[in-house]
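Dumped data.cif below, it's mmCIF, N, CA and C atoms:
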data_run
#
loop_
_atom_site.label_atom_id
_atom_site.label_comp_id
_atom_site.auth_asym_id
_atom_site.auth_seq_id
_atom_site.Cartn_x
_atom_site.Cartn_y
_atom_site.Cartn_z
N MET A 1 -9.41 -0.03 24.16
CA MET A 1 -9.18 1.38 23.95
C MET A 1 -8.11 1.56 22.88
N THR A 2 -8.29 2.52 22.02
CA THR A 2 -7.37 2.80 20.92
C THR A 2 -6.00 3.21 21.44
N ARG A 3 -4.97 2.58 20.92
CA ARG A 3 -3.60 2.99 21.22
C ARG A 3 -3.21 4.03 20.18
N ILE A 4 -2.64 5.14 20.64
CA ILE A 4 -2.31 6.24 19.74
C ILE A 4 -0.81 6.47 19.76
N ASP A 5 -0.20 6.45 18.57
CA ASP A 5 1.23 6.68 18.41
C ASP A 5 1.45 7.95 17.61
N PHE A 6 2.29 8.84 18.15
CA PHE A 6 2.71 10.03 17.42
C PHE A 6 4.13 9.78 16.94
N TYR A 7 4.33 9.86 15.64
CA TYR A 7 5.64 9.71 15.03
C TYR A 7 6.15 11.10 14.69
N LEU A 8 7.19 11.55 15.39
CA LEU A 8 7.71 12.90 15.25
C LEU A 8 8.96 12.86 14.37
N LEU A 9 8.80 13.29 13.13
CA LEU A 9 9.89 13.27 12.17
C LEU A 9 10.75 14.52 12.33
N THR A 10 12.07 14.34 12.32
CA THR A 10 12.99 15.46 12.50
C THR A 10 13.24 16.15 11.17
N SER A 11 12.19 16.66 10.59
CA SER A 11 12.27 17.36 9.32
C SER A 11 11.11 18.35 9.23
N ALA A 12 11.30 19.40 8.46
CA ALA A 12 10.22 20.35 8.22
C ALA A 12 9.55 20.08 6.87
N ASP A 13 9.97 19.04 6.18
CA ASP A 13 9.43 18.71 4.85
C ASP A 13 8.10 17.97 4.98
N PRO A 14 6.98 18.62 4.63
CA PRO A 14 5.68 17.96 4.74
C PRO A 14 5.57 16.69 3.88
N GLY A 15 6.32 16.62 2.80
CA GLY A 15 6.28 15.45 1.93
C GLY A 15 6.77 14.18 2.61
N LEU A 16 7.62 14.33 3.61
CA LEU A 16 8.12 13.14 4.31
C LEU A 16 7.03 12.44 5.10
N ARG A 17 5.97 13.16 5.46
CA ARG A 17 4.84 12.51 6.15
C ARG A 17 4.25 11.41 5.28
N LEU A 18 4.08 11.71 4.00
CA LEU A 18 3.50 10.71 3.09
C LEU A 18 4.44 9.52 2.92
N ASP A 19 5.73 9.81 2.79
CA ASP A 19 6.71 8.72 2.67
C ASP A 19 6.65 7.82 3.91
N TYR A 20 6.61 8.43 5.08
CA TYR A 20 6.57 7.65 6.30
C TYR A 20 5.25 6.89 6.44
N ALA A 21 4.17 7.51 6.00
CA ALA A 21 2.87 6.83 6.02
C ALA A 21 2.91 5.57 5.16
N CYS A 22 3.58 5.64 4.02
CA CYS A 22 3.73 4.46 3.16
C CYS A 22 4.49 3.37 3.89
N ARG A 23 5.57 3.74 4.57
CA ARG A 23 6.37 2.76 5.31
C ARG A 23 5.54 2.09 6.41
N LEU A 24 4.79 2.90 7.17
CA LEU A 24 3.95 2.35 8.23
C LEU A 24 2.88 1.42 7.67
N ALA A 25 2.24 1.85 6.59
CA ALA A 25 1.18 1.04 5.98
C ALA A 25 1.74 -0.28 5.48
N HIS A 26 2.91 -0.23 4.85
CA HIS A 26 3.54 -1.45 4.34
C HIS A 26 3.87 -2.41 5.49
N LYS A 27 4.47 -1.89 6.53
CA LYS A 27 4.83 -2.72 7.68
C LYS A 27 3.58 -3.37 8.29
N ALA A 28 2.52 -2.59 8.44
CA ALA A 28 1.28 -3.11 9.01
C ALA A 28 0.66 -4.17 8.09
N TRP A 29 0.66 -3.90 6.80
CA TRP A 29 0.09 -4.85 5.84
C TRP A 29 0.84 -6.17 5.85
N ILE A 30 2.17 -6.10 5.91
CA ILE A 30 3.00 -7.32 5.98
C ILE A 30 2.60 -8.16 7.20
N LYS A 31 2.24 -7.50 8.29
CA LYS A 31 1.85 -8.20 9.52
C LYS A 31 0.37 -8.60 9.53
N GLY A 32 -0.33 -8.36 8.41
CA GLY A 32 -1.71 -8.80 8.30
C GLY A 32 -2.76 -7.82 8.77
N HIS A 33 -2.36 -6.59 9.02
CA HIS A 33 -3.31 -5.57 9.48
C HIS A 33 -4.03 -4.90 8.32
N ARG A 34 -5.21 -4.41 8.60
CA ARG A 34 -5.97 -3.59 7.66
C ARG A 34 -5.67 -2.12 7.99
N VAL A 35 -5.47 -1.31 6.96
CA VAL A 35 -5.00 0.06 7.16
C VAL A 35 -5.89 1.04 6.41
N TYR A 36 -6.29 2.10 7.10
CA TYR A 36 -6.97 3.22 6.46
C TYR A 36 -6.08 4.44 6.61
N LEU A 37 -5.66 5.01 5.47
CA LEU A 37 -4.85 6.21 5.45
C LEU A 37 -5.78 7.40 5.21
N ASN A 38 -5.98 8.19 6.24
CA ASN A 38 -6.89 9.32 6.17
C ASN A 38 -6.14 10.57 5.73
N CYS A 39 -6.50 11.08 4.55
CA CYS A 39 -5.86 12.25 3.98
C CYS A 39 -6.69 13.51 4.23
N THR A 40 -6.06 14.64 3.97
CA THR A 40 -6.71 15.93 4.15
C THR A 40 -7.82 16.17 3.14
N ASP A 41 -7.54 15.81 1.88
CA ASP A 41 -8.49 16.11 0.81
C ASP A 41 -8.21 15.18 -0.38
N ALA A 42 -8.97 15.39 -1.45
CA ALA A 42 -8.84 14.54 -2.64
C ALA A 42 -7.44 14.66 -3.26
N GLU A 43 -6.86 15.84 -3.26
CA GLU A 43 -5.54 16.03 -3.85
C GLU A 43 -4.48 15.22 -3.09
N GLN A 44 -4.49 15.29 -1.78
CA GLN A 44 -3.53 14.52 -0.99
C GLN A 44 -3.78 13.02 -1.15
N THR A 45 -5.05 12.63 -1.25
CA THR A 45 -5.38 11.22 -1.45
C THR A 45 -4.78 10.71 -2.75
N GLU A 46 -4.92 11.48 -3.83
CA GLU A 46 -4.36 11.08 -5.13
C GLU A 46 -2.84 11.03 -5.08
N THR A 47 -2.22 11.99 -4.39
CA THR A 47 -0.76 12.00 -4.26
C THR A 47 -0.29 10.76 -3.52
N LEU A 48 -0.96 10.43 -2.42
CA LEU A 48 -0.59 9.25 -1.65
C LEU A 48 -0.81 7.98 -2.45
N ASP A 49 -1.89 7.92 -3.20
CA ASP A 49 -2.17 6.76 -4.05
C ASP A 49 -1.02 6.52 -5.02
N ARG A 50 -0.56 7.57 -5.68
CA ARG A 50 0.57 7.44 -6.62
C ARG A 50 1.83 7.00 -5.87
N LEU A 51 2.07 7.56 -4.72
CA LEU A 51 3.26 7.23 -3.95
C LEU A 51 3.25 5.77 -3.48
N LEU A 52 2.10 5.27 -3.11
CA LEU A 52 2.01 3.87 -2.66
C LEU A 52 2.36 2.88 -3.77
N TRP A 53 2.16 3.27 -5.01
CA TRP A 53 2.51 2.39 -6.13
C TRP A 53 4.02 2.29 -6.33
N ARG A 54 4.76 3.31 -5.90
CA ARG A 54 6.18 3.33 -6.26
C ARG A 54 7.14 3.61 -5.11
N PHE A 55 6.67 3.62 -3.87
CA PHE A 55 7.55 4.03 -2.77
C PHE A 55 8.67 3.03 -2.50
N ARG A 56 8.48 1.77 -2.88
CA ARG A 56 9.55 0.77 -2.73
C ARG A 56 9.72 0.03 -4.04
N ALA A 57 10.94 -0.05 -4.47
CA ALA A 57 11.22 -0.73 -5.73
C ALA A 57 11.19 -2.25 -5.59
N ASP A 58 11.40 -2.74 -4.36
CA ASP A 58 11.53 -4.18 -4.16
C ASP A 58 10.26 -4.88 -3.69
N SER A 59 9.16 -4.15 -3.57
CA SER A 59 7.92 -4.80 -3.12
C SER A 59 6.70 -4.02 -3.61
N PHE A 60 5.56 -4.65 -3.45
CA PHE A 60 4.31 -4.08 -3.93
C PHE A 60 3.34 -3.98 -2.75
N LEU A 61 2.67 -2.87 -2.63
CA LEU A 61 1.67 -2.70 -1.58
C LEU A 61 0.30 -2.55 -2.23
N PRO A 62 -0.47 -3.64 -2.29
CA PRO A 62 -1.80 -3.53 -2.89
C PRO A 62 -2.68 -2.62 -2.04
N HIS A 63 -3.38 -1.73 -2.70
CA HIS A 63 -4.22 -0.79 -1.99
C HIS A 63 -5.31 -0.28 -2.92
N GLY A 64 -6.24 0.42 -2.35
CA GLY A 64 -7.32 1.01 -3.15
C GLY A 64 -7.69 2.37 -2.61
N LEU A 65 -8.55 3.02 -3.35
CA LEU A 65 -9.09 4.30 -2.91
C LEU A 65 -10.42 4.05 -2.22
N ALA A 66 -10.68 4.77 -1.16
CA ALA A 66 -11.92 4.58 -0.41
C ALA A 66 -13.14 4.78 -1.30
N ALA A 67 -13.05 5.70 -2.24
CA ALA A 67 -14.19 5.99 -3.12
C ALA A 67 -14.44 4.85 -4.10
N ASP A 68 -13.41 4.08 -4.44
CA ASP A 68 -13.54 3.03 -5.46
C ASP A 68 -13.63 1.62 -4.87
N ASP A 69 -12.82 1.34 -3.87
CA ASP A 69 -12.73 -0.02 -3.32
C ASP A 69 -12.48 0.04 -1.82
N PRO A 70 -13.49 0.43 -1.02
CA PRO A 70 -13.27 0.64 0.41
C PRO A 70 -12.97 -0.61 1.22
N ALA A 71 -13.15 -1.79 0.65
CA ALA A 71 -12.92 -3.02 1.40
C ALA A 71 -11.50 -3.57 1.25
N GLN A 72 -10.65 -2.93 0.45
CA GLN A 72 -9.25 -3.37 0.33
C GLN A 72 -8.59 -3.40 1.70
N ALA A 73 -7.53 -4.16 1.84
CA ALA A 73 -6.81 -4.22 3.10
C ALA A 73 -6.12 -2.90 3.43
N VAL A 74 -5.65 -2.19 2.41
CA VAL A 74 -5.03 -0.88 2.58
C VAL A 74 -5.81 0.10 1.71
N VAL A 75 -6.32 1.15 2.34
CA VAL A 75 -7.18 2.10 1.63
C VAL A 75 -6.74 3.53 1.93
N CYS A 76 -6.72 4.37 0.89
CA CYS A 76 -6.48 5.81 1.04
C CYS A 76 -7.80 6.52 0.83
N GLY A 77 -8.06 7.51 1.65
CA GLY A 77 -9.27 8.28 1.47
C GLY A 77 -9.24 9.53 2.32
N HIS A 78 -10.32 10.26 2.26
CA HIS A 78 -10.48 11.42 3.13
C HIS A 78 -11.92 11.42 3.61
N GLY A 79 -12.08 11.76 4.84
CA GLY A 79 -13.41 11.68 5.43
C GLY A 79 -13.53 10.44 6.29
N ASP A 80 -14.76 10.14 6.68
CA ASP A 80 -14.99 9.04 7.61
C ASP A 80 -14.62 7.69 6.98
N PRO A 81 -13.77 6.90 7.64
CA PRO A 81 -13.38 5.61 7.10
C PRO A 81 -14.55 4.64 6.99
N HIS A 82 -14.48 3.79 5.99
CA HIS A 82 -15.48 2.75 5.75
C HIS A 82 -15.52 1.80 6.94
N ALA A 83 -16.67 1.24 7.21
CA ALA A 83 -16.85 0.32 8.35
C ALA A 83 -15.97 -0.92 8.26
N ALA A 84 -15.46 -1.26 7.06
CA ALA A 84 -14.59 -2.42 6.91
C ALA A 84 -13.25 -2.23 7.61
N HIS A 85 -12.96 -1.02 8.01
CA HIS A 85 -11.67 -0.73 8.64
C HIS A 85 -11.85 -0.36 10.10
N ASN A 86 -11.09 -1.05 10.96
CA ASN A 86 -11.08 -0.73 12.38
C ASN A 86 -9.77 -1.19 13.04
N ASP A 87 -8.76 -1.46 12.23
CA ASP A 87 -7.49 -1.96 12.74
C ASP A 87 -6.50 -0.81 12.96
N LEU A 88 -5.93 -0.27 11.87
CA LEU A 88 -4.97 0.83 11.97
C LEU A 88 -5.45 2.01 11.14
N LEU A 89 -5.51 3.15 11.79
CA LEU A 89 -5.83 4.41 11.13
C LEU A 89 -4.57 5.26 11.13
N ILE A 90 -4.12 5.65 9.94
CA ILE A 90 -3.00 6.57 9.82
C ILE A 90 -3.61 7.91 9.42
N ASN A 91 -3.52 8.88 10.32
CA ASN A 91 -4.16 10.17 10.09
C ASN A 91 -3.16 11.18 9.56
N LEU A 92 -3.43 11.67 8.35
CA LEU A 92 -2.60 12.71 7.74
C LEU A 92 -3.34 14.03 7.66
N ALA A 93 -4.55 14.07 8.16
CA ALA A 93 -5.36 15.29 8.15
C ALA A 93 -5.03 16.13 9.39
N ASP A 94 -5.46 17.37 9.37
CA ASP A 94 -5.19 18.28 10.49
C ASP A 94 -6.23 18.18 11.59
N ASN A 95 -7.23 17.38 11.39
CA ASN A 95 -8.28 17.26 12.39
C ASN A 95 -8.33 15.83 12.94
N THR A 96 -9.07 15.68 14.02
CA THR A 96 -9.28 14.37 14.62
C THR A 96 -10.38 13.65 13.83
N VAL A 97 -10.15 12.42 13.47
CA VAL A 97 -11.15 11.63 12.77
C VAL A 97 -12.23 11.24 13.78
N GLU A 98 -13.47 11.56 13.48
CA GLU A 98 -14.56 11.33 14.43
C GLU A 98 -14.63 9.89 14.91
N SER A 99 -14.41 8.95 14.02
CA SER A 99 -14.58 7.53 14.38
C SER A 99 -13.26 6.87 14.79
N PHE A 100 -12.25 7.65 15.19
CA PHE A 100 -10.94 7.08 15.51
C PHE A 100 -11.03 6.02 16.61
N SER A 101 -11.98 6.16 17.53
CA SER A 101 -12.02 5.26 18.69
C SER A 101 -12.46 3.84 18.34
N ARG A 102 -12.94 3.61 17.14
CA ARG A 102 -13.30 2.23 16.77
C ARG A 102 -12.08 1.45 16.26
N PHE A 103 -10.97 2.15 16.06
CA PHE A 103 -9.73 1.52 15.58
C PHE A 103 -8.91 1.00 16.76
N SER A 104 -8.19 -0.08 16.54
CA SER A 104 -7.28 -0.61 17.56
C SER A 104 -6.11 0.33 17.77
N ARG A 105 -5.62 0.89 16.64
CA ARG A 105 -4.46 1.79 16.70
C ARG A 105 -4.67 2.99 15.80
N LEU A 106 -4.08 4.09 16.23
CA LEU A 106 -4.08 5.33 15.45
C LEU A 106 -2.66 5.83 15.39
N ALA A 107 -2.20 6.17 14.18
CA ALA A 107 -0.87 6.75 14.00
C ALA A 107 -1.02 8.17 13.49
N GLU A 108 -0.36 9.08 14.17
CA GLU A 108 -0.30 10.48 13.76
C GLU A 108 1.15 10.76 13.37
N ILE A 109 1.35 11.29 12.18
CA ILE A 109 2.71 11.56 11.69
C ILE A 109 2.90 13.07 11.64
N VAL A 110 3.94 13.54 12.33
CA VAL A 110 4.14 14.98 12.51
C VAL A 110 5.54 15.36 12.03
N VAL A 111 5.63 16.49 11.33
CA VAL A 111 6.93 17.06 10.95
C VAL A 111 7.08 18.42 11.62
N GLU A 112 8.30 18.94 11.61
CA GLU A 112 8.61 20.22 12.25
C GLU A 112 8.23 21.39 11.34
N HIS A 113 6.97 21.48 11.04
CA HIS A 113 6.43 22.52 10.17
C HIS A 113 5.14 23.00 10.85
N ASP A 114 5.12 24.26 11.28
CA ASP A 114 4.02 24.74 12.12
C ASP A 114 2.61 24.44 11.62
N PRO A 115 2.33 24.56 10.32
CA PRO A 115 0.97 24.23 9.88
C PRO A 115 0.58 22.76 10.13
N ILE A 116 1.56 21.91 10.35
CA ILE A 116 1.30 20.50 10.66
C ILE A 116 1.49 20.25 12.16
N ARG A 117 2.54 20.81 12.72
CA ARG A 117 2.88 20.56 14.12
C ARG A 117 1.84 21.13 15.09
N LEU A 118 1.36 22.34 14.85
CA LEU A 118 0.43 22.96 15.80
C LEU A 118 -0.91 22.23 15.90
N PRO A 119 -1.56 21.87 14.78
CA PRO A 119 -2.79 21.07 14.91
C PRO A 119 -2.53 19.70 15.55
N ALA A 120 -1.34 19.14 15.32
CA ALA A 120 -1.00 17.85 15.93
C ALA A 120 -0.92 17.97 17.45
N ARG A 121 -0.38 19.09 17.93
CA ARG A 121 -0.34 19.32 19.38
C ARG A 121 -1.74 19.37 19.96
N GLU A 122 -2.66 20.00 19.24
CA GLU A 122 -4.04 20.07 19.70
C GLU A 122 -4.67 18.67 19.75
N ARG A 123 -4.39 17.86 18.75
CA ARG A 123 -4.91 16.49 18.75
C ARG A 123 -4.31 15.69 19.90
N PHE A 124 -3.02 15.88 20.15
CA PHE A 124 -2.36 15.20 21.26
C PHE A 124 -3.07 15.53 22.57
N ARG A 125 -3.33 16.83 22.81
CA ARG A 125 -4.04 17.26 24.02
C ARG A 125 -5.44 16.64 24.08
N PHE A 126 -6.13 16.64 22.95
CA PHE A 126 -7.47 16.08 22.86
C PHE A 126 -7.48 14.62 23.32
N TYR A 127 -6.55 13.83 22.78
CA TYR A 127 -6.49 12.41 23.14
C TYR A 127 -6.09 12.22 24.60
N ARG A 128 -5.10 12.98 25.04
CA ARG A 128 -4.61 12.86 26.43
C ARG A 128 -5.71 13.20 27.43
N GLU A 129 -6.46 14.27 27.15
CA GLU A 129 -7.53 14.68 28.06
C GLU A 129 -8.62 13.62 28.18
N ARG A 130 -8.74 12.77 27.18
CA ARG A 130 -9.75 11.72 27.19
C ARG A 130 -9.20 10.38 27.69
N GLY A 131 -7.94 10.38 28.10
CA GLY A 131 -7.37 9.20 28.73
C GLY A 131 -6.82 8.13 27.80
N TYR A 132 -6.62 8.46 26.53
CA TYR A 132 -6.08 7.46 25.60
C TYR A 132 -4.60 7.24 25.86
N PRO A 133 -4.13 5.99 25.74
CA PRO A 133 -2.69 5.73 25.90
C PRO A 133 -1.93 6.30 24.70
N LEU A 134 -0.98 7.16 24.99
CA LEU A 134 -0.21 7.85 23.96
C LEU A 134 1.24 7.43 24.01
N GLN A 135 1.80 7.19 22.83
CA GLN A 135 3.22 6.90 22.69
C GLN A 135 3.80 7.91 21.70
N THR A 136 5.00 8.39 21.95
CA THR A 136 5.68 9.25 20.99
C THR A 136 6.96 8.56 20.55
N HIS A 137 7.27 8.71 19.28
CA HIS A 137 8.44 8.10 18.67
C HIS A 137 9.19 9.17 17.90
N GLN A 138 10.42 9.45 18.29
CA GLN A 138 11.26 10.39 17.54
C GLN A 138 11.87 9.63 16.37
N ILE A 139 11.62 10.11 15.15
CA ILE A 139 12.12 9.46 13.95
C ILE A 139 13.11 10.41 13.28
N ARG A 140 14.36 9.99 13.27
CA ARG A 140 15.39 10.80 12.60
C ARG A 140 15.28 10.63 11.10
N THR A 141 15.32 11.73 10.40
CA THR A 141 15.26 11.70 8.95
C THR A 141 16.55 12.26 8.38
N ALA A 142 16.88 11.83 7.19
CA ALA A 142 18.09 12.31 6.53
C ALA A 142 17.87 13.75 6.07
N GLY A 143 18.91 14.53 6.11
CA GLY A 143 18.84 15.90 5.61
C GLY A 143 18.71 16.86 6.63
#

Transcribe the structure of this file into structure tokens.
Amino acid sequence: MTRIDFYLLTSADPGLRLDYACRLAHKAWIKGHRVYLNCTDAEQTETLDRLLWRFRADSFLPHGLAADDPAQAVVCGHGDPHAAHNDLLINLADNTVESFSRFSRLAEIVVEHDPIRLPARERFRFYRERGYPLQTHQIRTAG
């Protein structure tokens, strides 16, 4: 059964979600996991792609876009993840990914901004009502 983690960032800045997604993806990749970063749309996917190239000055996170190279170990995209991925799903969209249950783990990143927080609460209820194991992590952010 998919383990679901909600990372609750103590910030209202929606941009911090992408920064934290990069950190999670990097940590998972270092441990040998395959990661699919599910974005809201093409614009967010492109923004995350650029951020993944430069989020850390001291290391490199090889990744690809789902539309171009869906078999990479770390992939950014929007829509249904490619079948090559079933390890870690990082969801940055406002909806539940239909195929989330084929993943070992799902990470939801939430900030204190109602357009992000309220749909996340609905997803939390959705998962809980279906009996998925849920973990919440309070993440303090600077500022």

- Which one is closest to A:Ile139: A:Tyr20, A:Phe55, A:Tyr7, A:Phe126? Count only C-alpha atoms.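 Answer, going by the shortest atom-to-atom distance: A:Tyr7.
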
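In this model, the gap between atom N of A:Gly64 and atom N of A:Asp13 comes to 26.1 Å.
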
- Message: Under the PyMOL selection byres ((chain A and resi 40) around 7), which residues of this model are included? Write them out as a PyMOL selection string.
- Response: chain A and resi 38-39+41-45+77-79+92-94

- For A:His26, which residue among A:Phe103, A:Phe6, A:Phe124, A:Phe60 is the nearest when counting all atoms listed in the file? A:Phe60

- If you count all atoms listed in the file, which residues fall within 8 Å of A:Met1, apart from same-chain ones fewer than 2 positions away, as a list in words?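 Counting only the stated atoms, we get Arg3, Ile4, Ser101, Arg102, Phe103, Ser104, Arg105, Tyr132 and Pro133 of chain A.
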
- Query: Of the candidates A:Leu51, A:Ala107, A:Ala83, A:Val74, which shows the shortest atom-to-atom distance to A:His33, using all atoms listed in the file?
  - Reply: A:Val74

- Shell around A:Gln72 at 8 Å using only N, CA and C atoms, local window under 3 positions removed, as a PyMOL selection string: chain A and resi 34-35+62-66+68-69+75+84

- Query: What gap, in Å, lies between atom CA of A:Thr2 and atom N of A:Arg56?
  - Reply: 28.6 Å

- Quick one: DSSP strand (DSSP E or B) residues in chain A, as a PyMOL selection string? chain A and resi 3-9+35-38+64-65+74-77+88-91+105-110+134-139

- When the PyMOL selection byres ((chain A and resi 140) around 8) is applied to the file above, which residues end up in the set, as number ranges by chain? A: 8-11, 137-139, 141-143

Taking every listed atom of stretch 91-108 of chain A and adding 3 Å to each side, what centre and edge lengths in Å (one decimal) does the axis-aligned box have, as AutoDock Vina command-line options?
--center_x -6.7 --center_y 8.8 --center_z 13.2 --size_x 21.8 --size_y 24.9 --size_z 17.0

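Nearest to A:Pro14 of all the residues A:Leu89, A:Val111, A:Arg50, A:Ile30 is A:Val111, based on all atoms listed in the file.
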
- Message: Using DSSP secondary structure from the backbone, list all alpha helix (DSSP H) positions within stretch 22-128 of chain A, as number ranges by chain.
- Response: A: 22-30, 42-54, 114-128

- Message: Restricting the calculation to all atoms listed in the file: of A:Leu37, A:Cys76, A:Leu18, A:Asp5, which residue gets closest to A:Asn91?
- Response: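 With all atoms listed in the file as the atom set, the closest residue is A:Leu37.
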